[in-house]
>>> print(open('model_22.cif').read())   # mmCIF, C-alpha atoms and all ligand atoms
data_target
loop_
_atom_site.label_atom_id
_atom_site.label_comp_id
_atom_site.auth_asym_id
_atom_site.auth_seq_id
_atom_site.Cartn_x
_atom_site.Cartn_y
_atom_site.Cartn_z
CA MET A 1 87.10 151.25 15.09
CA SER A 2 83.76 149.56 15.80
CA GLU A 3 80.89 151.49 17.30
CA VAL A 4 81.43 149.68 20.61
CA GLU A 5 85.13 150.60 20.74
CA ASP A 6 84.29 154.20 19.85
CA PHE A 7 81.89 154.14 22.75
CA ARG A 8 84.57 152.75 25.08
CA ALA A 9 86.86 155.65 24.18
CA GLU A 10 83.96 158.05 24.76
CA VAL A 11 83.32 156.65 28.27
CA ARG A 12 87.03 156.86 29.17
CA ALA A 13 87.18 160.47 27.99
CA PHE A 14 84.04 161.24 29.96
CA PHE A 15 85.54 159.92 33.20
CA ASP A 16 88.78 161.82 32.58
CA GLY A 17 86.72 165.02 32.60
CA VAL A 18 84.64 164.25 35.72
CA PRO A 19 86.98 165.76 38.37
CA SER A 20 87.02 169.17 36.68
CA VAL A 21 83.22 169.16 36.21
CA MET A 22 82.78 168.47 39.94
CA ASP A 23 85.45 170.92 41.09
CA ALA A 24 83.73 173.64 39.04
CA ALA A 25 80.51 173.02 41.02
CA ALA A 26 82.18 173.10 44.48
CA PRO A 27 85.68 172.49 45.85
CA PRO A 28 86.38 169.00 47.25
CA PRO A 29 84.97 168.88 50.80
CA GLU A 30 86.95 168.13 53.93
CA GLU A 31 87.04 164.49 55.06
CA GLY A 32 83.78 163.55 56.79
CA ASP A 33 82.00 166.70 55.58
CA ASP A 34 78.34 166.00 54.82
CA GLY A 35 77.37 169.57 53.89
CA PRO A 36 76.04 171.30 50.76
CA ALA A 37 79.31 170.96 48.81
CA ILE A 38 78.75 167.20 48.60
CA VAL A 39 75.31 167.71 47.03
CA LEU A 40 76.55 170.35 44.57
CA ARG A 41 79.39 168.08 43.46
CA ALA A 42 77.10 165.05 43.30
CA LYS A 43 74.54 166.91 41.18
CA ALA A 44 77.23 168.17 38.79
CA TRP A 45 78.56 164.63 38.30
CA ARG A 46 75.14 163.07 37.78
CA ALA A 47 73.97 165.80 35.35
CA ALA A 48 77.13 165.35 33.26
CA LEU A 49 76.60 161.57 33.27
CA PHE A 50 72.97 161.89 32.17
CA ASP A 51 73.69 164.51 29.53
CA ALA A 52 76.40 162.22 28.10
CA GLY A 53 73.77 159.44 27.78
CA LEU A 54 75.48 157.24 30.38
CA ALA A 55 73.11 157.40 33.34
CA ALA A 56 70.18 155.19 32.41
CA PHE A 57 71.04 151.96 30.58
CA SER A 58 68.17 149.98 32.08
CA TYR A 59 65.51 152.61 31.36
CA PRO A 60 63.20 153.03 28.34
CA VAL A 61 64.49 155.37 25.65
CA ALA A 62 61.33 157.48 26.04
CA PHE A 63 62.47 158.48 29.54
CA GLY A 64 66.05 159.33 28.64
CA GLY A 65 67.25 155.74 28.97
CA ARG A 66 69.06 153.21 26.77
CA ASP A 67 67.44 149.86 27.43
CA ASP A 68 67.92 149.15 23.72
CA ARG A 69 71.71 148.86 24.09
CA PRO A 70 72.83 146.10 26.48
CA ASP A 71 76.15 145.92 24.60
CA LEU A 72 76.96 149.52 25.50
CA ALA A 73 75.77 148.95 29.08
CA ALA A 74 78.36 146.16 29.43
CA VAL A 75 81.13 148.46 28.19
CA TYR A 76 80.02 151.18 30.61
CA GLN A 77 80.14 148.67 33.50
CA GLN A 78 83.73 147.77 32.68
CA GLU A 79 84.95 151.31 32.14
CA SER A 80 83.20 152.89 35.11
CA HIS A 81 84.53 150.35 37.62
CA GLY A 82 86.38 152.22 40.37
CA ARG A 83 85.81 155.60 38.69
CA VAL A 84 82.36 156.56 40.00
CA PRO A 85 82.92 159.40 42.51
CA PRO A 86 81.93 158.70 46.14
CA GLU A 87 79.50 161.65 45.99
CA ASP A 88 77.22 159.44 43.86
CA ALA A 89 76.05 157.94 47.18
CA VAL A 90 73.71 160.99 47.44
CA PHE A 91 71.58 159.20 44.80
CA GLY A 92 71.69 155.75 46.42
CA ILE A 93 68.02 155.82 47.37
CA GLY A 94 66.71 157.62 44.27
CA VAL A 95 68.70 155.97 41.51
CA GLY A 96 69.32 152.72 43.37
CA MET A 97 65.84 152.04 44.76
CA ALA A 98 62.99 154.50 44.18
CA LEU A 99 63.43 155.04 40.44
CA PRO A 100 63.58 151.33 39.50
CA VAL A 101 60.28 150.83 41.37
CA LEU A 102 58.77 153.83 39.59
CA ARG A 103 60.03 152.49 36.27
CA ASP A 104 58.47 149.06 36.89
CA HIS A 105 55.23 150.04 38.64
CA GLY A 106 54.56 153.77 38.10
CA THR A 107 51.97 155.20 35.72
CA ASP A 108 53.23 156.79 32.49
CA GLU A 109 52.57 160.21 34.01
CA LEU A 110 54.65 159.45 37.11
CA ARG A 111 57.43 157.95 35.01
CA ALA A 112 57.55 161.03 32.79
CA ARG A 113 57.47 163.34 35.83
CA PHE A 114 60.10 161.61 37.99
CA LEU A 115 62.44 159.44 35.94
CA PRO A 116 64.35 162.03 33.87
CA PRO A 117 65.03 164.51 36.73
CA GLY A 118 65.79 161.67 39.14
CA LEU A 119 68.24 159.99 36.80
CA ARG A 120 69.86 163.35 36.03
CA GLY A 121 70.27 164.01 39.75
CA ASP A 122 68.18 167.18 39.69
CA GLU A 123 66.05 165.66 42.47
CA VAL A 124 67.40 163.83 45.51
CA TRP A 125 65.28 161.13 47.18
CA CYS A 126 64.99 159.60 50.63
CA GLN A 127 63.11 156.57 51.94
CA LEU A 128 60.38 157.05 54.56
CA TYR A 129 59.82 153.46 55.73
CA SER A 130 60.95 152.85 59.34
CA GLU A 131 59.03 154.22 62.32
CA PRO A 132 59.68 154.13 66.07
CA ASN A 133 57.36 151.08 66.34
CA ALA A 134 57.88 149.62 62.88
CA GLY A 135 61.42 148.62 61.87
CA SER A 136 61.84 144.89 61.27
CA ASP A 137 58.07 144.61 61.56
CA LEU A 138 57.63 147.27 58.92
CA ALA A 139 54.04 146.27 58.11
CA SER A 140 53.00 147.64 61.54
CA LEU A 141 53.64 151.21 60.37
CA ALA A 142 51.24 153.79 61.76
CA THR A 143 51.77 156.89 59.58
CA ARG A 144 48.42 157.48 57.93
CA ALA A 145 47.38 159.04 54.64
CA VAL A 146 43.78 160.18 54.26
CA ARG A 147 42.29 161.24 50.95
CA ASP A 148 41.04 164.86 50.88
CA GLY A 149 39.82 165.94 47.43
CA ASP A 150 42.79 166.11 45.07
CA GLU A 151 45.30 165.31 47.79
CA TRP A 152 46.41 162.82 50.42
CA VAL A 153 46.90 164.29 53.88
CA VAL A 154 49.77 162.54 55.69
CA THR A 155 50.37 162.51 59.46
CA GLY A 156 52.91 160.45 61.40
CA GLN A 157 56.58 159.99 62.28
CA LYS A 158 59.42 158.22 60.53
CA VAL A 159 62.90 157.56 61.89
CA TRP A 160 66.42 156.62 60.71
CA THR A 161 65.72 158.35 57.39
CA SER A 162 69.08 158.54 55.61
CA GLY A 163 69.66 161.78 53.73
CA ALA A 164 66.23 163.31 54.55
CA HIS A 165 68.00 166.60 55.32
CA ARG A 166 68.97 167.02 51.69
CA ALA A 167 66.09 165.23 49.93
CA ASP A 168 63.60 166.88 47.57
CA LEU A 169 61.30 163.87 47.42
CA ALA A 170 60.54 160.80 49.51
CA ILE A 171 59.22 157.37 48.79
CA LEU A 172 56.68 157.05 51.57
CA LEU A 173 54.79 154.09 53.02
CA ALA A 174 51.57 155.13 54.73
CA ARG A 175 48.50 153.36 56.06
CA THR A 176 45.48 154.11 53.91
CA ASP A 177 43.00 151.52 55.24
CA PRO A 178 43.27 150.46 58.91
CA THR A 179 40.29 148.11 58.55
CA LEU A 180 42.40 145.74 56.42
CA PRO A 181 45.06 143.32 57.82
CA LYS A 182 48.36 145.11 58.37
CA HIS A 183 50.08 144.06 55.14
CA ARG A 184 47.13 145.07 52.99
CA GLY A 185 46.12 148.60 53.97
CA ILE A 186 49.43 150.27 53.03
CA THR A 187 50.06 152.57 50.04
CA MET A 188 53.32 153.80 48.49
CA LEU A 189 53.27 157.55 47.81
CA VAL A 190 55.74 160.16 46.60
CA LEU A 191 56.01 162.92 49.22
CA PRO A 192 57.48 166.36 48.40
CA MET A 193 59.83 167.08 51.32
CA GLY A 194 59.98 170.88 51.03
CA GLN A 195 56.56 171.76 52.49
CA PRO A 196 55.37 173.21 55.79
CA GLY A 197 53.92 169.90 57.04
CA VAL A 198 57.32 168.14 56.95
CA THR A 199 59.92 168.62 59.72
CA VAL A 200 63.34 166.97 59.51
CA ARG A 201 65.49 166.59 62.65
CA PRO A 202 69.00 165.18 62.33
CA LEU A 203 70.13 162.26 64.50
CA ARG A 204 73.84 162.16 65.33
CA GLN A 205 75.26 158.65 65.20
CA MET A 206 78.11 157.26 67.30
CA THR A 207 80.39 157.98 64.33
CA GLY A 208 79.85 161.68 65.08
CA VAL A 209 78.15 162.18 61.70
CA ALA A 210 74.42 162.86 61.30
CA GLU A 211 73.59 160.79 58.21
CA PHE A 212 70.04 160.07 59.18
CA ASN A 213 67.04 161.87 60.69
CA GLU A 214 63.66 161.81 62.35
CA VAL A 215 60.94 163.04 59.99
CA PHE A 216 57.64 164.38 61.33
CA MET A 217 54.64 164.76 59.03
CA ASP A 218 51.83 166.96 60.26
CA GLU A 219 49.07 167.11 57.62
CA ALA A 220 51.66 167.04 54.84
CA ARG A 221 50.20 167.01 51.33
CA VAL A 222 50.65 164.60 48.41
CA PRO A 223 48.86 164.98 45.04
CA ALA A 224 46.15 162.31 44.74
CA ASP A 225 47.74 160.53 41.79
CA TRP A 226 51.30 160.35 43.20
CA VAL A 227 50.64 156.72 44.13
CA ILE A 228 53.05 153.99 42.99
CA GLY A 229 51.18 150.76 42.24
CA ASP A 230 47.61 150.67 43.51
CA VAL A 231 46.08 152.15 46.64
CA ASN A 232 46.45 149.54 49.46
CA ASP A 233 48.97 147.55 47.38
CA GLY A 234 51.96 149.30 48.96
CA TRP A 235 53.37 146.19 50.66
CA ARG A 236 54.08 144.62 47.26
CA MET A 237 55.78 147.86 46.19
CA ALA A 238 57.71 148.02 49.48
CA THR A 239 59.17 144.55 49.01
CA ALA A 240 60.02 145.33 45.37
CA LEU A 241 61.99 148.33 46.59
CA LEU A 242 63.66 146.37 49.40
CA ALA A 243 64.94 143.83 46.88
CA HIS A 244 66.69 146.68 45.04
CA GLU A 245 68.05 147.93 48.38
CA ARG A 246 69.51 144.54 49.32
CA VAL A 247 71.07 144.15 45.89
CA ALA A 248 72.60 147.63 46.22
CA THR A 249 73.94 147.06 49.74
CA GLY A 250 75.05 143.53 48.94
CA THR A 251 76.90 144.06 45.68
CA ALA A 252 78.40 147.55 45.68
CA SER A 253 82.11 146.95 45.16
CA VAL A 254 84.90 147.95 47.48
CA GLY A 255 86.82 148.93 44.35
CA GLY A 256 85.67 152.54 44.20
CA SER A 257 87.49 153.63 47.31
CA ARG A 258 90.27 151.08 47.49
CA ASP A 259 93.11 153.59 47.46
CA GLU A 260 91.23 156.28 49.22
CA GLN A 261 90.50 156.56 52.91
CA ARG A 262 86.92 157.63 53.00
CA LYS A 263 84.69 158.11 56.03
CA ALA A 264 81.29 157.39 54.58
CA GLY A 265 78.83 154.79 53.48
CA ARG A 266 78.57 151.09 54.03
CA ASN A 267 81.76 149.77 52.47
CA PRO A 268 83.83 147.31 54.49
CA LEU A 269 87.42 148.44 55.06
CA PRO A 270 89.39 147.28 52.01
CA ALA A 271 91.84 144.41 52.67
CA LYS A 272 94.55 146.37 50.88
CA GLN A 273 94.33 149.09 53.51
CA LEU A 274 94.48 146.51 56.31
CA ILE A 275 97.71 145.14 54.83
CA GLU A 276 99.17 148.66 54.76
CA LEU A 277 98.09 149.19 58.37
CA ALA A 278 99.78 145.91 59.41
CA ARG A 279 103.00 147.05 57.71
CA ARG A 280 102.87 150.44 59.41
CA ALA A 281 102.26 148.77 62.78
CA GLY A 282 105.30 146.50 62.14
CA ARG A 283 103.10 143.40 62.40
CA ALA A 284 102.94 142.18 58.80
CA GLY A 285 105.26 139.25 59.60
CA ASP A 286 103.18 137.94 62.54
CA PRO A 287 101.62 134.59 61.44
CA ASN A 288 98.36 135.30 63.30
CA VAL A 289 98.05 138.70 61.66
CA ARG A 290 98.86 137.20 58.24
CA GLN A 291 96.07 134.68 58.78
CA GLN A 292 93.60 137.49 59.58
CA LEU A 293 94.68 139.50 56.55
CA ALA A 294 94.23 136.44 54.33
CA THR A 295 90.72 135.93 55.75
CA ALA A 296 89.85 139.59 55.12
CA TRP A 297 91.21 139.40 51.57
CA THR A 298 89.30 136.15 50.87
CA GLY A 299 86.10 137.62 52.30
CA GLU A 300 86.43 140.60 50.01
CA ARG A 301 86.82 138.34 46.95
CA ILE A 302 83.76 136.31 48.00
CA MET A 303 81.75 139.53 48.33
CA GLY A 304 82.63 140.42 44.73
CA TRP A 305 81.81 136.94 43.44
CA LEU A 306 78.44 136.82 45.22
CA GLY A 307 77.58 140.04 43.39
CA ARG A 308 78.59 138.64 40.04
CA ARG A 309 76.72 135.35 40.60
CA ARG A 310 73.60 137.37 41.38
CA ALA A 311 72.99 135.25 44.49
CA HIS A 312 69.85 135.90 46.58
CA PRO A 313 70.14 139.55 47.72
CA SER A 314 70.00 138.55 51.41
CA ILE A 315 73.12 136.37 50.97
CA GLY A 316 75.07 139.27 49.48
CA LYS A 317 73.87 141.64 52.18
CA LEU A 318 74.71 139.23 55.01
CA TRP A 319 78.18 138.56 53.66
CA ARG A 320 78.87 142.23 53.24
CA THR A 321 77.96 143.10 56.83
CA LYS A 322 79.99 140.15 58.14
CA GLN A 323 82.96 141.32 56.09
CA GLY A 324 82.45 144.88 57.38
CA ARG A 325 82.63 143.76 61.01
CA TYR A 326 85.54 141.40 60.45
CA ALA A 327 87.66 143.98 58.61
CA ALA A 328 86.96 146.59 61.30
CA ASP A 329 87.86 144.12 64.08
CA VAL A 330 91.17 143.33 62.34
CA ALA A 331 91.92 147.06 62.08
CA ALA A 332 91.13 147.60 65.76
CA ALA A 333 93.29 144.61 66.81
CA LEU A 334 96.21 145.86 64.68
CA GLN A 335 96.15 149.13 66.59
CA PHE A 336 95.63 147.58 70.02
CA PRO A 337 96.13 148.94 72.67
CA ALA A 338 96.57 152.39 71.08
CA GLY A 339 93.33 151.99 69.10
CA VAL A 340 91.16 152.73 72.11
CA ALA A 341 92.77 156.17 72.28
CA TRP A 342 92.31 157.07 68.62
CA GLU A 343 92.01 160.84 68.53
CA ALA A 344 89.21 162.51 66.58
CA ASP A 345 91.54 165.22 65.28
CA ASP A 346 94.10 162.82 63.84
CA VAL A 347 92.83 162.35 60.29
CA THR A 348 94.32 158.89 59.73
CA ALA A 349 93.38 157.44 63.11
CA ASP A 350 89.96 159.03 62.78
CA TYR A 351 89.39 157.02 59.62
CA TRP A 352 89.92 153.65 61.34
CA GLN A 353 87.87 154.73 64.34
CA TYR A 354 85.00 155.75 62.06
CA HIS A 355 84.85 152.34 60.44
CA VAL A 356 85.07 150.42 63.70
CA VAL A 357 81.92 152.15 64.95
CA ASN A 358 80.16 152.53 61.58
CA CYS A 359 80.27 148.82 60.64
CA ARG A 360 77.68 147.95 63.33
CA GLY A 361 75.00 149.96 61.52
CA MET A 362 75.63 147.98 58.33
CA SER A 363 73.93 145.01 60.03
CA LEU A 364 70.76 147.05 60.57
CA GLY A 365 70.10 149.31 57.55
CA GLY A 366 68.16 147.62 54.75
CA GLY A 367 66.94 144.88 57.13
CA THR A 368 68.91 143.40 60.04
CA ASP A 369 71.03 140.25 59.81
CA GLU A 370 68.35 138.28 61.67
CA ILE A 371 65.68 139.43 59.23
CA GLN A 372 67.88 138.47 56.26
CA ARG A 373 68.26 134.99 57.77
CA ASN A 374 64.50 134.72 58.29
CA THR A 375 64.00 135.73 54.65
CA LEU A 376 66.47 133.13 53.43
CA GLY A 377 64.91 130.46 55.63
CA GLU A 378 61.38 131.14 54.48
CA ARG A 379 61.81 132.22 50.87
CA ALA A 380 64.98 130.48 49.69
CA LEU A 381 64.98 127.28 51.80
CA GLY A 382 61.20 126.88 52.07
CA LEU A 383 61.22 126.52 55.88
CA PRO A 384 57.98 127.11 57.82
CA LYS A 385 57.05 130.75 58.39
CA GLU A 386 57.74 132.42 61.73
CA PRO A 387 54.94 131.67 64.21
CA GLY A 388 52.79 134.45 65.64
CA GLY A 389 51.86 136.36 62.47
CA ASP A 390 48.86 138.65 62.73
CA GLY A 391 47.01 136.84 59.95
CA GLU A 392 43.67 138.31 58.96
CA VAL A 393 43.23 140.59 62.00
CA PRO A 394 42.41 144.16 60.86
CA TYR A 395 45.26 146.58 61.59
CA LYS A 396 43.01 148.73 63.79
CA ASP A 397 42.37 145.77 66.13
CA LEU A 398 46.03 144.84 66.67
CA LEU A 399 47.70 145.48 70.03
CA ARG A 400 50.27 148.22 69.52
CA ASN A 401 52.56 150.50 71.52
CA VAL A 402 51.20 154.02 71.19
C1 LIG B 501 72.70 153.32 58.79
C2 LIG B 501 71.22 153.11 58.72
C3 LIG B 501 70.47 153.74 57.73
C4 LIG B 501 69.09 153.57 57.67
N1 LIG B 501 68.40 154.24 56.70
C5 LIG B 501 67.05 154.13 56.66
C6 LIG B 501 66.30 154.88 55.69
O1 LIG B 501 66.86 155.65 54.88
N2 LIG B 501 64.96 154.78 55.69
C7 LIG B 501 64.29 153.95 56.56
O2 LIG B 501 63.08 153.87 56.47
N3 LIG B 501 64.97 153.23 57.50
C8 LIG B 501 66.33 153.31 57.57
N4 LIG B 501 67.04 152.61 58.53
C9 LIG B 501 66.30 151.82 59.50
C10 LIG B 501 66.45 150.31 59.36
O3 LIG B 501 65.72 149.84 58.24
C11 LIG B 501 65.97 149.69 60.67
O4 LIG B 501 66.91 150.06 61.67
C12 LIG B 501 65.90 148.19 60.60
O5 LIG B 501 64.89 147.77 59.72
C13 LIG B 501 65.65 147.57 61.99
O6 LIG B 501 64.56 148.15 62.62
P1 LIG B 501 64.66 148.70 64.12
O7 LIG B 501 65.84 149.60 64.17
O8 LIG B 501 63.34 149.26 64.49
O9 LIG B 501 65.02 147.42 65.01
P2 LIG B 501 63.99 146.34 65.56
O10 LIG B 501 63.09 145.90 64.45
O11 LIG B 501 63.35 146.87 66.79
O12 LIG B 501 64.96 145.14 65.90
C14 LIG B 501 65.69 145.05 67.14
C15 LIG B 501 66.44 143.72 67.15
O13 LIG B 501 65.50 142.62 67.14
C16 LIG B 501 65.77 141.74 66.06
N5 LIG B 501 64.51 141.22 65.50
C17 LIG B 501 63.40 141.96 65.23
N6 LIG B 501 62.44 141.16 64.69
C18 LIG B 501 62.97 139.91 64.60
C19 LIG B 501 62.49 138.67 64.12
N7 LIG B 501 61.25 138.55 63.61
N8 LIG B 501 63.32 137.59 64.16
C20 LIG B 501 64.57 137.70 64.69
N9 LIG B 501 65.09 138.87 65.15
C21 LIG B 501 64.31 139.95 65.12
C22 LIG B 501 66.50 142.60 65.04
O14 LIG B 501 67.30 141.81 64.16
C23 LIG B 501 67.32 143.52 65.93
O15 LIG B 501 68.51 142.88 66.31
C24 LIG B 501 68.42 152.76 58.61
C25 LIG B 501 69.17 152.11 59.61
C26 LIG B 501 70.54 152.29 59.68
C27 LIG B 501 71.31 151.59 60.77
#
>>> encode(input="model_22.cif", output="structure tokens")
Amino acid sequence: MSEVEDFRAEVRAFFDGVPSVMDAAAPPPEEGDDGPAIVLRAKAWRAALFDAGLAAFSYPVAFGGRDDRPDLAAVYQQESHGRVPPEDAVFGIGVGMALPVLRDHGTDELRARFLPPGLRGDEVWCQLYSEPNAGSDLASLATRAVRDGDEWVVTGQKVWTSGAHRADLAILLARTDPTLPKHRGITMLVLPMGQPGVTVRPLRQMTGVAEFNEVFMDEARVPADWVIGDVNDGWRMATALLAHERVATGTASVGGSRDEQRKAGRNPLPAKQLIELARRAGRAGDPNVRQQLATAWTGERIMGWLGRRRAHPSIGKLWRTKQGRYAADVAAALQFPAGVAWEADDVTADYWQYHVVNCRGMSLGGGTDEIQRNTLGERALGLPKEPGGDGEVPYKDLLRNV
């Protein structure tokens, strides 16, 4: 056998062993459980993946990666499809967004410090971007970081921070020079979450699950050199990270959970499950229902193809959220009128109910649909920029809600 085929067999054998590695760390959690068992299982999976040399194909060899072997990366892609456990979502922000930015823009010291443990899943990350007065207009953020000797001292409030309750580290955007225009005085820092100056308060969503949080920083400390990119160049870093986020939210496949009913994440309901629901409801022969199922199935295929074509990330993200809403609306209509009385203690009904309410948030996280359209208009189509920008006005002189 060739080296590549040997490798294929190795990857298959690895995935065969994953369930027992995870079960040894913690028993499978109950549906909808977001507690410590998820993190233990996620860490066991990621550590096994890293130790098997399968976790870091796009990273330099010096940091535990394998960027020298694109042929093996392609085999891994094929063999891992649909076999990555859902618990891997714990690393969505670290592995999917923060680490690629560190790899591309961090100093050698930061790369050596954060890449290996991050890729191995020993450290979990969250993203401290949005604030009560800075969501779509992220550059208006008010959290400030002031240099004090060997440290930055950080004070402010973030909101909607996914996974902050279980994060060890955060990628933080803070204002470091209010005398500059708002896009220019921002710096990207790495904040250790487990310190007295950081308070995390969960926010319960309408799904009933508390996936995200408010985070308060009261003179929290960051080592002076834990800066990604240059001081006051954080906006460039922020947009680099957002591009990774939109790719991640736009291209993640439905495949992983196709046969599984899972109450988590930002996956549209799979068309296959809608077809099963239509059969169970005795409506699979109804021409209108068949039309809706065909539309859902087609939308799902388009989502996959957009990912493979590597279309502009905003296109993938927009399509995904549209598909999420459409699939949830079809599910709700299939259950009408009983759907409005879905009971929280009925596991199957609870699953559909979760997705009907969860899909709305997909249009917000990672930049709202409107913002994606603005981005496409301005950056892909070359249309004029939105009027009313704050131009060269120093941040400190802008009118703001306080
Ligand atoms: C599930 C979920 C997870 C999230 N996770 C994180 C996280 O981990 N870390 C983090 O930092 N943030 C996170 N967020 C926050 C998310 O990034 C923001 O909700 C988003 O950027 C929108 O900001 P906002 O909520 O302040 O809404 P606003 O910016 O106040 O927008 C309100 C409405 O106005 C529209 N609007 C605003 N500006 C314009 C414009 N210029 N043109 C046209 N329409 C406009 C918006 O589209 C929206 O409909 C998460 C959000 C969700 C829903």
>>> residues_around(input="model_22.cif", residues="stretch 391-402 of chain A", least_positions_apart="6", cutoff="9 Å", atoms="all atoms listed in the file", output="ChimeraX atom specification")
/A:133,140,177-185
>>> closest_residue(input="model_22.cif", among="A:Arg144, A:Arg166, A:Arg69, A:Arg320", to="A:Ala37", atoms="all atoms listed in the file")
A:Arg166
>>> atom_distance(input="model_22.cif", atom1="atom CA of A:Met303", atom2="atom CA of A:Gln323")
8.1 Å
>>> residues_around(input="model_22.cif", residues="A:Glu79", least_positions_apart="2", cutoff="12 Å", atoms="only C-alpha atoms", output="number ranges by chain")
A: 5, 7-16, 54, 72-77, 81-84
>>> write_last_selection(input="model_22.cif", atoms="C-alpha atoms", output="CSV table (one decimal), in the frame of the given file")
chain,number,residue,atom,x,y,z
A,5,GLU,CA,85.1,150.6,20.7
A,7,PHE,CA,81.9,154.1,22.8
A,8,ARG,CA,84.6,152.8,25.1
A,9,ALA,CA,86.9,155.6,24.2
A,10,GLU,CA,84.0,158.0,24.8
A,11,VAL,CA,83.3,156.6,28.3
A,12,ARG,CA,87.0,156.9,29.2
A,13,ALA,CA,87.2,160.5,28.0
A,14,PHE,CA,84.0,161.2,30.0
A,15,PHE,CA,85.5,159.9,33.2
A,16,ASP,CA,88.8,161.8,32.6
A,54,LEU,CA,75.5,157.2,30.4
A,72,LEU,CA,77.0,149.5,25.5
A,73,ALA,CA,75.8,149.0,29.1
A,74,ALA,CA,78.4,146.2,29.4
A,75,VAL,CA,81.1,148.5,28.2
A,76,TYR,CA,80.0,151.2,30.6
A,77,GLN,CA,80.1,148.7,33.5
A,81,HIS,CA,84.5,150.4,37.6
A,82,GLY,CA,86.4,152.2,40.4
A,83,ARG,CA,85.8,155.6,38.7
A,84,VAL,CA,82.4,156.6,40.0
>>> closest_atom_pairs(input="model_22.cif", of="stretch 281-395 of chain A", to="stretch 202-225 of chain A", cutoff="8 Å", atoms="only C-alpha atoms", output="JSON lines")
{"residue": "A:Tyr354", "atom": "CA", "partner": "A:Thr207", "partner_atom": "CA", "distance": 5.6}
{"residue": "A:Val357", "atom": "CA", "partner": "A:Thr207", "partner_atom": "CA", "distance": 6.1}
{"residue": "A:Asn358", "atom": "CA", "partner": "A:Thr207", "partner_atom": "CA", "distance": 6.1}
>>> residues_around(input="model_22.cif", residues="stretch 116-130 of chain A", least_positions_apart="6", cutoff="7 Å", atoms="all atoms listed in the file", output="PyMOL selection string")
chain A and resi 43+46-47+50+55-56+63-64+91+93-95+138+158-164+167-173
>>> atom_distance(input="model_22.cif", atom1="atom CA of A:Pro384", atom2="atom CA of A:Val101")
29.0 Å
>>> closest_atom_pairs(input="model_22.cif", of="stretch 46-103 of chain A", to="stretch 234-245 of chain A", cutoff="9 Å", atoms="only C-alpha atoms", output="JSON lines")
{"residue": "A:Gly92", "atom": "CA", "partner": "A:Glu245", "partner_atom": "CA", "distance": 8.8}
{"residue": "A:Ile93", "atom": "CA", "partner": "A:Glu245", "partner_atom": "CA", "distance": 8.0}
{"residue": "A:Gly96", "atom": "CA", "partner": "A:His244", "partner_atom": "CA", "distance": 6.8}
{"residue": "A:Met97", "atom": "CA", "partner": "A:His244", "partner_atom": "CA", "distance": 5.4}
{"residue": "A:Ala98", "atom": "CA", "partner": "A:Leu241", "partner_atom": "CA", "distance": 6.7}
{"residue": "A:Pro100", "atom": "CA", "partner": "A:Leu241", "partner_atom": "CA", "distance": 7.9}
{"residue": "A:Val101", "atom": "CA", "partner": "A:Leu241", "partner_atom": "CA", "distance": 6.0}
>>> closest_residue(input="model_22.cif", among="A:Arg41, A:Arg175, A:Arg280, A:Arg360", to="ligand LIG 501 (chain B)", atoms="only C-alpha atoms and all ligand atoms")
A:Arg360
>>> closest_residue(input="model_22.cif", among="A:Pro29, A:Pro270, A:Gly307, A:Gly53", to="A:Leu293", atoms="only C-alpha atoms")
A:Pro270
>>> atom_distance(input="model_22.cif", atom1="atom CA of A:Ala327", atom2="atom CA of A:Asp369")
17.1 Å
>>> residues_around(input="model_22.cif", residues="A:Leu40", least_positions_apart="6", cutoff="10 Å", atoms="all atoms listed in the file", output="CSV table (one decimal) with C-alpha atoms, in the frame of the given file")
chain,number,residue,atom,x,y,z
A,22,MET,CA,82.8,168.5,39.9
A,23,ASP,CA,85.4,170.9,41.1
A,24,ALA,CA,83.7,173.6,39.0
A,25,ALA,CA,80.5,173.0,41.0
A,26,ALA,CA,82.2,173.1,44.5
A,27,PRO,CA,85.7,172.5,45.8
A,87,GLU,CA,79.5,161.6,46.0
